[in-house]
file target04.txt (compact mmCIF, C-alpha atoms and all ligand atoms)
# COMPACT_ATOMS: atom_id res chain seq x y z
CA MET A 187 0.00 0.00 0.00
CA GLU A 188 1.17 3.54 -0.70
CA ASN A 189 2.79 5.35 2.25
CA ALA A 190 0.60 7.67 4.28
CA ILE A 191 1.72 11.26 3.75
CA VAL A 192 1.78 11.59 7.53
CA LYS A 193 1.75 8.81 10.07
CA VAL A 194 1.97 9.44 13.79
CA GLU A 195 2.33 6.48 16.14
CA ASN A 196 1.80 6.58 19.89
CA LEU A 197 3.08 10.12 20.16
CA SER A 198 3.54 11.50 23.67
CA HIS A 199 5.34 14.57 24.91
CA ARG A 200 6.19 15.81 28.34
CA TYR A 201 7.32 19.31 29.34
CA ALA A 202 9.13 18.97 32.69
CA SER A 203 6.76 16.82 34.72
CA GLN A 204 3.57 17.55 32.75
CA TRP A 205 2.39 15.43 29.81
CA ALA A 206 1.16 17.79 27.08
CA VAL A 207 0.14 15.06 24.62
CA ARG A 208 -0.49 11.38 25.30
CA ASP A 209 -0.58 8.51 22.86
CA ILE A 210 -1.66 10.37 19.72
CA ASN A 211 -2.13 8.26 16.59
CA LEU A 212 -3.07 9.74 13.25
CA GLU A 213 -2.69 9.16 9.55
CA ILE A 214 -3.25 11.46 6.59
CA HIS A 215 -3.44 9.76 3.20
CA SER A 216 -4.85 12.19 0.71
CA GLN A 217 -4.92 15.77 -0.47
CA GLY A 218 -7.21 18.33 1.11
CA VAL A 219 -7.44 20.14 4.42
CA VAL A 220 -7.54 18.28 7.73
CA GLY A 221 -8.53 20.39 10.72
CA LEU A 222 -6.71 19.93 14.01
CA LEU A 223 -9.23 21.18 16.50
CA GLY A 224 -8.99 21.70 20.24
CA SER A 225 -9.44 24.29 22.97
CA ASN A 226 -6.59 26.49 24.13
CA GLY A 227 -3.90 24.40 25.77
CA ALA A 228 -5.29 21.14 24.33
CA GLY A 229 -1.95 20.18 22.78
CA LYS A 230 -2.32 21.28 19.14
CA SER A 231 0.88 23.32 18.87
CA THR A 232 2.90 20.67 20.67
CA THR A 233 1.62 18.02 18.24
CA MET A 234 2.27 20.21 15.20
CA ASN A 235 5.72 21.28 16.34
CA ILE A 236 6.66 17.62 16.72
CA ILE A 237 5.16 16.67 13.34
CA CYS A 238 7.18 19.48 11.72
CA GLY A 239 10.40 18.46 13.45
CA VAL A 240 10.65 21.66 15.50
CA LEU A 241 10.26 19.82 18.81
CA LYS A 242 11.56 16.37 19.67
CA GLN A 243 8.95 14.06 21.14
CA SER A 244 9.37 12.19 24.43
CA LYS A 245 7.86 9.02 22.93
CA GLY A 246 6.44 7.68 19.69
CA GLU A 247 7.24 8.00 16.00
CA VAL A 248 6.41 10.39 13.16
CA PHE A 249 6.73 9.33 9.52
CA ILE A 250 6.48 11.86 6.70
CA ASN A 251 5.95 10.21 3.34
CA GLY A 252 7.31 7.00 4.90
CA ILE A 253 10.47 8.67 6.28
CA ASN A 254 11.05 8.53 10.03
CA LEU A 255 11.42 12.16 11.14
CA LYS A 256 13.65 11.25 14.09
CA ASP A 257 16.04 9.06 12.10
CA ASN A 258 16.19 11.12 8.93
CA PRO A 259 15.05 14.68 9.70
CA VAL A 260 16.61 16.44 6.70
CA GLU A 261 15.01 14.09 4.16
CA ALA A 262 11.64 14.06 5.97
CA LYS A 263 11.55 17.87 6.21
CA ARG A 264 11.88 18.24 2.43
CA ASN A 265 8.26 17.08 2.39
CA ILE A 266 7.03 19.52 5.04
CA GLY A 267 6.00 23.16 4.85
CA PHE A 268 5.22 24.96 8.10
CA MET A 269 3.57 28.24 8.87
CA PRO A 270 3.77 28.79 12.63
CA GLN A 271 1.35 31.02 14.51
CA LYS A 272 3.99 33.76 14.75
CA LEU A 273 5.08 34.35 11.19
CA PRO A 274 8.83 34.13 10.64
CA LEU A 275 8.92 37.25 8.42
CA TYR A 276 11.96 39.51 8.12
CA GLN A 277 10.34 42.91 7.82
CA ASP A 278 13.20 44.59 5.92
CA PHE A 279 13.15 42.04 3.09
CA THR A 280 11.05 42.48 0.01
CA VAL A 281 8.57 39.69 -0.66
CA GLU A 282 10.76 38.25 -3.41
CA GLU A 283 13.99 38.49 -1.35
CA TYR A 284 12.29 36.76 1.52
CA LEU A 285 10.91 33.89 -0.57
CA THR A 286 14.29 33.46 -2.28
CA TYR A 287 15.91 33.23 1.15
CA CYS A 288 13.30 30.65 2.25
CA ALA A 289 13.83 28.60 -0.93
CA ASP A 290 17.57 28.49 -0.13
CA LEU A 291 16.87 27.44 3.44
CA ARG A 292 14.57 24.71 2.12
CA MET A 293 17.37 23.44 -0.11
CA VAL A 294 15.64 24.12 -3.40
CA GLU A 295 18.23 23.47 -6.13
CA LYS A 296 20.02 26.70 -7.08
CA LYS A 297 18.84 26.66 -10.68
CA GLN A 298 15.25 25.99 -9.59
CA VAL A 299 15.02 28.84 -7.06
CA LYS A 300 13.79 31.53 -9.44
CA HIS A 301 11.06 29.31 -10.81
CA ALA A 302 10.05 28.08 -7.32
CA VAL A 303 9.76 31.66 -6.03
CA GLN A 304 7.77 32.77 -9.06
CA ASP A 305 5.41 29.83 -8.63
CA ALA A 306 4.83 30.55 -4.91
CA LEU A 307 4.34 34.28 -5.63
CA GLU A 308 1.69 33.52 -8.23
CA ARG A 309 -0.09 30.75 -6.33
CA CYS A 310 -0.42 32.93 -3.26
CA GLY A 311 -1.49 36.04 -5.18
CA VAL A 312 1.45 38.22 -4.12
CA ALA A 313 3.36 38.51 -7.43
CA HIS A 314 2.34 42.16 -7.82
CA PHE A 315 3.91 42.92 -4.41
CA ARG A 316 7.18 41.13 -5.13
CA ASP A 317 9.25 44.34 -4.60
CA ARG A 318 7.38 45.57 -1.56
CA LEU A 319 8.96 45.40 1.89
CA LEU A 320 7.22 42.91 4.15
CA ARG A 321 6.68 45.63 6.76
CA ASN A 322 4.52 47.52 4.26
CA LEU A 323 2.08 44.67 3.60
CA SER A 324 -1.36 44.40 5.21
CA GLY A 325 -2.03 41.54 7.64
CA GLY A 326 -3.83 39.50 4.96
CA TYR A 327 -0.94 39.82 2.52
CA GLN A 328 1.63 39.02 5.21
CA GLN A 329 -0.36 35.85 5.86
CA ARG A 330 -0.26 35.04 2.13
CA VAL A 331 3.52 35.43 2.19
CA GLY A 332 3.57 33.13 5.24
CA ILE A 333 1.74 30.52 3.18
CA ALA A 334 4.04 31.16 0.19
CA GLN A 335 7.15 30.41 2.31
CA ALA A 336 5.49 27.16 3.44
CA ILE A 337 4.99 25.95 -0.15
CA VAL A 338 8.06 27.42 -1.90
CA HIS A 339 9.84 24.02 -1.93
CA ASN A 340 6.65 22.32 -3.14
CA PRO A 341 6.19 20.00 -0.12
CA LYS A 342 3.62 17.20 -0.06
CA PHE A 343 2.46 18.22 3.40
CA VAL A 344 1.82 21.70 4.83
CA VAL A 345 1.03 22.63 8.41
CA LEU A 346 -0.70 25.91 9.16
CA ASP A 347 -1.06 27.05 12.76
CA GLU A 348 -4.08 29.35 13.19
CA PRO A 349 -3.62 30.94 9.75
CA THR A 350 -6.48 33.44 9.92
CA ASN A 351 -5.67 34.79 13.36
CA GLY A 352 -6.05 38.56 13.56
CA LEU A 353 -7.42 39.04 10.02
CA ASP A 354 -10.51 41.06 9.11
CA PRO A 355 -13.55 39.19 7.65
CA ASN A 356 -12.62 39.87 3.99
CA GLN A 357 -9.03 38.79 4.52
CA ILE A 358 -10.27 35.65 6.31
CA VAL A 359 -12.34 34.63 3.27
CA GLU A 360 -9.40 35.25 0.93
CA VAL A 361 -6.91 33.31 3.04
CA ARG A 362 -9.37 30.40 3.43
CA ASN A 363 -9.79 30.27 -0.35
CA LEU A 364 -6.03 30.27 -0.76
CA ILE A 365 -5.69 27.40 1.73
CA LYS A 366 -8.29 25.36 -0.17
CA GLN A 367 -6.48 26.11 -3.40
CA ILE A 368 -3.03 25.01 -2.15
CA ALA A 369 -4.65 21.85 -0.74
CA THR A 370 -5.78 20.69 -4.18
CA ASP A 371 -2.42 19.02 -4.76
CA ARG A 372 -1.12 18.40 -1.22
CA SER A 373 -2.27 17.62 2.32
CA VAL A 374 -2.76 20.53 4.68
CA LEU A 375 -3.06 20.20 8.45
CA LEU A 376 -4.72 23.31 9.81
CA SER A 377 -4.81 24.01 13.50
CA THR A 378 -7.66 26.10 14.84
CA HIS A 379 -10.12 26.49 17.64
CA ILE A 380 -12.52 28.37 15.35
CA LEU A 381 -15.39 26.13 14.28
CA THR A 382 -16.44 28.19 11.29
CA GLU A 383 -12.90 27.80 9.99
CA VAL A 384 -13.26 24.04 10.13
CA GLN A 385 -16.65 24.19 8.46
CA ALA A 386 -15.37 26.45 5.68
CA THR A 387 -12.18 24.61 4.81
CA CYS A 388 -11.80 21.09 6.19
CA LYS A 389 -12.90 17.71 4.86
CA GLU A 390 -11.68 15.86 7.93
CA ILE A 391 -11.31 16.68 11.60
CA LYS A 392 -8.96 15.49 14.30
CA MET A 393 -9.78 16.83 17.71
CA ILE A 394 -7.40 16.89 20.65
CA GLU A 395 -8.41 17.60 24.21
CA GLU A 396 -6.20 17.42 27.28
CA GLY A 397 -3.47 15.99 25.10
CA GLN A 398 -5.53 13.09 23.76
CA MET A 399 -7.27 12.45 20.48
CA VAL A 400 -11.00 12.56 21.20
CA PHE A 401 -12.32 12.54 17.62
CA SER A 402 -11.12 11.60 14.16
CA GLY A 403 -13.43 11.54 11.17
CA THR A 404 -15.14 13.52 8.44
CA LEU A 405 -16.84 16.86 8.96
CA GLU A 406 -20.16 15.08 8.49
CA MET A 407 -19.34 12.52 11.20
CA PHE A 408 -18.40 15.37 13.53
CA ASP A 409 -21.71 17.07 12.76
CA ASN A 410 -23.60 13.87 13.53
CA TYR A 411 -21.58 13.01 16.63
CA ILE A 412 -24.50 13.77 18.92
CA GLU A 413 -27.52 11.69 17.95
CA PRO A 414 -30.21 13.98 16.59
CA ASN A 415 -33.24 13.86 18.83
CA THR A 416 -35.40 16.71 17.65
CA LEU A 417 -37.58 17.18 14.58
CA VAL A 418 -38.94 20.47 13.35
CA VAL A 419 -42.27 20.17 11.54
CA GLN A 420 -44.35 22.78 9.81
CA LEU A 421 -48.03 21.84 9.88
CA ASP A 422 -50.36 24.33 8.18
CA ASN A 423 -53.38 22.63 9.76
CA PRO A 424 -52.04 21.44 13.12
CA PRO A 425 -54.08 19.21 15.44
CA ALA A 426 -54.26 19.67 19.21
CA HIS A 427 -50.86 19.28 20.89
CA ASP A 428 -52.01 16.14 22.70
CA GLU A 429 -52.78 14.47 19.39
CA ILE A 430 -49.13 14.89 18.33
CA LEU A 431 -47.76 13.98 21.75
CA LYS A 432 -49.60 10.65 21.83
CA GLN A 433 -47.78 9.41 18.71
CA GLU A 434 -45.32 6.59 19.37
CA GLY A 435 -41.74 7.80 19.86
CA ILE A 436 -42.68 11.46 20.44
CA ARG A 437 -41.48 12.74 23.80
CA SER A 438 -42.03 16.48 23.85
CA LEU A 439 -43.50 19.36 21.87
CA GLU A 440 -42.45 22.98 21.69
CA GLN A 441 -44.43 25.45 19.60
CA ILE A 442 -41.93 27.68 17.77
CA ALA A 443 -44.51 29.57 15.67
CA PRO A 444 -48.29 29.14 15.10
CA THR A 445 -47.69 26.37 12.54
CA ARG A 446 -44.15 25.28 13.45
CA PHE A 447 -43.22 22.76 16.15
CA ARG A 448 -40.08 21.24 17.57
CA LEU A 449 -40.71 17.63 18.58
CA GLY A 450 -38.44 15.71 20.92
CA TYR A 451 -38.35 12.12 19.67
CA ASP A 452 -36.57 8.83 20.29
CA GLY A 453 -34.03 9.39 17.49
CA GLU A 454 -35.43 6.48 15.44
CA LYS A 455 -35.72 7.09 11.71
CA LYS A 456 -39.01 5.21 11.63
CA THR A 457 -40.54 7.65 14.12
CA ALA A 458 -39.75 10.56 11.80
CA GLN A 459 -41.20 8.60 8.88
CA ARG A 460 -44.33 7.76 10.85
CA ILE A 461 -44.88 11.43 11.75
CA ALA A 462 -44.64 12.34 8.06
CA GLU A 463 -47.14 9.61 7.09
CA ILE A 464 -49.60 10.47 9.86
CA SER A 465 -49.41 14.21 9.07
CA VAL A 466 -50.30 13.53 5.46
CA GLY A 467 -52.90 10.86 6.28
CA LYS A 468 -54.70 13.02 8.83
CA GLY A 469 -54.57 16.20 6.76
CA TRP A 470 -52.33 18.18 9.17
CA GLY A 471 -50.93 20.11 6.17
CA LEU A 472 -47.32 18.95 6.41
CA MET A 473 -45.12 21.52 4.64
CA GLU A 474 -41.71 20.65 6.06
CA LEU A 475 -40.02 18.07 8.30
CA ILE A 476 -36.41 18.54 9.35
CA ILE A 477 -34.30 16.27 11.53
CA GLU A 478 -32.29 18.80 13.50
CA LYS A 479 -28.57 18.21 13.61
CA SER A 480 -26.41 19.07 16.55
CA SER A 481 -24.47 22.25 15.97
CA LEU A 482 -20.71 22.06 15.64
CA ASP A 483 -20.51 24.11 18.83
CA ALA A 484 -22.54 21.51 20.72
CA VAL A 485 -20.28 18.72 19.48
CA PHE A 486 -17.19 20.73 20.33
CA ALA A 487 -18.53 21.41 23.82
CA ARG A 488 -19.39 17.75 24.32
CA LEU A 489 -16.01 16.53 23.13
CA SER A 490 -14.13 19.08 25.16
CA LYS A 491 -16.19 18.02 28.19
CA LYS A 492 -17.46 21.56 28.79
CA ASN A 493 -20.95 20.24 28.56
CA THR A 494 -21.88 16.86 29.99
CA LYS A 495 -25.45 16.90 28.74
N1 LIG B 501 7.37 25.08 26.50
C1 LIG B 501 6.48 24.63 27.37
N2 LIG B 501 6.83 24.33 28.64
C2 LIG B 501 5.92 23.84 29.53
N3 LIG B 501 4.63 23.59 29.23
C3 LIG B 501 4.21 23.88 27.98
C4 LIG B 501 5.11 24.40 26.99
N4 LIG B 501 4.42 24.57 25.84
C5 LIG B 501 3.14 24.17 26.09
N5 LIG B 501 3.03 23.75 27.37
C6 LIG B 501 1.81 23.20 28.01
O1 LIG B 501 1.41 22.06 27.26
C7 LIG B 501 -0.01 22.02 27.10
C8 LIG B 501 -0.37 21.99 25.62
O2 LIG B 501 0.02 23.25 25.05
P1 LIG B 501 -0.10 23.56 23.48
O3 LIG B 501 0.54 24.90 23.26
O4 LIG B 501 0.38 22.41 22.71
O5 LIG B 501 -1.68 23.67 23.32
P2 LIG B 501 -2.54 24.31 22.12
O6 LIG B 501 -3.67 23.39 21.90
O7 LIG B 501 -1.67 24.60 20.98
O8 LIG B 501 -3.05 25.66 22.75
P3 LIG B 501 -3.21 27.12 22.05
O9 LIG B 501 -4.37 27.02 21.12
O10 LIG B 501 -3.49 27.99 23.24
O11 LIG B 501 -1.90 27.44 21.37
C9 LIG B 501 -0.55 23.23 27.84
O12 LIG B 501 -0.91 22.81 29.15
C10 LIG B 501 0.63 24.18 27.90
O13 LIG B 501 0.57 25.01 29.03

call {"tool": "encode", "arguments": {"input": "target04.txt", "output": "structure tokens"}}
result
Amino acid sequence: MENAIVKVENLSHRYASQWAVRDINLEIHSQGVVGLLGSNGAGKSTTMNIICGVLKQSKGEVFINGINLKDNPVEAKRNIGFMPQKLPLYQDFTVEEYLTYCADLRMVEKKQVKHAVQDALERCGVAHFRDRLLRNLSGGYQQRVGIAQAIVHNPKFVVLDEPTNGLDPNQIVEVRNLIKQIATDRSVLLSTHILTEVQATCKEIKMIEEGQMVFSGTLEMFDNYIEPNTLVVQLDNPPAHDEILKQEGIRSLEQIAPTRFRLGYDGEKKTAQRIAEISVGKGWGLMELIIEKSSLDAVFARLSKKNTK
């Protein structure tokens, strides 16, 4: 089988006497954006710093494109691009000087440097600012340059730590689009505690809490993590509340509007189907029936144990 782009096995790390991450396992196989989610202090930066070879783990192994990062760091790091939370920008460099410097650091072959820099400038939409000093760029464009330095050596795997931090709403949308675009031909691990960020960019989620992996799956699985147990129905000709409440599987009724109701139910699909059939059969004027999903916030709260409901 083809190597995973990233494989983390039983990763643990301890600062002094405190374990910051415990027994993390994860694999990333394909292109696209994977969100690394967790509250402040959950262990995201520690995990990412280890995966990028910036911090040496206390235990466990990290493989990048099949190469053990501990045994062969130089080779493994050729496949990694990293944009830390605090951008490593030299303010007195122009954009082009800075990217050329980064390409050298990343050991891009001398004769390829010009092409690599041009490619990164264009992909990140900063070619027109190539001669501008970094200090004179707006926050959004500095962030673009941060992403450009992470992809200048064309790595298979890019790690972005809170990439939209401190940006205004327009800049956030632009940077998210750029992230999706660079993830079309590589894997991107994006750390965030912002749920809308995950929703807007990620196909998969890994969630860490108190140093441990508490969820790994698709965005849809995350969304469905809490069993739905409410239906919203619109009945243009509603019966008496008791008539609805006596139906099998229905546990509660809340009137949201004159013809709109939220029904607590047993979570069984057949109950929802039965309500639809009865509403039609009895002429209740069914216009809409929605199985309510848990919000991402509710799932996040549940997984981060802030809410034990
Ligand atoms: N250099 C360090 N020395 C000691 N403890 C640390 C160090 N860095 C992080 N920690 C601790 O390790 C735990 C995990 O921190 P980490 O920075 O990985 O979390 P995080 O999820 O990235 O949080 P944030 O979103 O706030 O950056 C926290 O309890 C933190 O206080």

call {"tool": "residues_near_ligand", "arguments": {"input": "target04.txt", "ligand": "ligand LIG 501 (chain B)", "cutoff": "10 Å", "atoms": "only C-alpha atoms and all ligand atoms", "output": "MDAnalysis selection string"}}
result
chainID A and resid 199:207 222:236 241 271 347:348 377:379 393:397

call {"tool": "atom_distance", "arguments": {"input": "target04.txt", "atom1": "atom CA of A:Asp371", "atom2": "atom CA of A:Tyr284"}}
result
23.9 Å

call {"tool": "closest_residue", "arguments": {"input": "target04.txt", "among": "A:Thr370, A:Thr286, A:Gln335, A:Thr416", "to": "A:Pro270", "atoms": "only C-alpha atoms"}}
result
A:Gln335

call {"tool": "residues_near_point", "arguments": {"input": "target04.txt", "point": "(6.9, 12.2, 23.4)", "cutoff": "6 Å", "atoms": "only C-alpha atoms", "output": "NGL selection string"}}
result
:A and (197-199 or 243-246)

call {"tool": "residues_around", "arguments": {"input": "target04.txt", "residues": "A:Phe447", "least_positions_apart": "3", "cutoff": "6 Å", "atoms": "only C-alpha atoms", "output": "PyMOL selection string"}}
result
chain A and resi 418-419+440-442

call {"tool": "residues_around", "arguments": {"input": "target04.txt", "residues": "A:Phe279", "least_positions_apart": "2", "cutoff": "10 Å", "atoms": "only C-alpha atoms", "output": "list in words"}}
result
Leu275, Tyr276, Gln277, Val281, Glu282, Glu283, Tyr284, Leu285, Tyr287, Asp317, Arg318, Leu319, Leu320 and Arg321 of chain A

call {"tool": "residues_around", "arguments": {"input": "target04.txt", "residues": "A:Arg292", "least_positions_apart": "3", "cutoff": "8 Å", "atoms": "all atoms listed in the file", "output": "list in words"}}
result
Arg264, Cys288, Ala289 and His339 of chain A

call {"tool": "closest_residue", "arguments": {"input": "target04.txt", "among": "A:Asp483, A:Thr280, A:Gln420, A:Ile380", "to": "A:His314", "atoms": "all atoms listed in the file"}}
result
A:Thr280

call {"tool": "atom_distance", "arguments": {"input": "target04.txt", "atom1": "atom CA of A:Lys491", "atom2": "atom CA of A:Ile436"}}
result
28.4 Å

call {"tool": "closest_residue", "arguments": {"input": "target04.txt", "among": "A:Gln433, A:Phe268, A:Ser402, A:Lys389", "to": "A:Glu463", "atoms": "only C-alpha atoms"}}
result
A:Gln433

call {"tool": "atom_distance", "arguments": {"input": "target04.txt", "atom1": "atom CA of A:Ser373", "atom2": "atom CA of A:Gly239"}}
result
16.9 Å
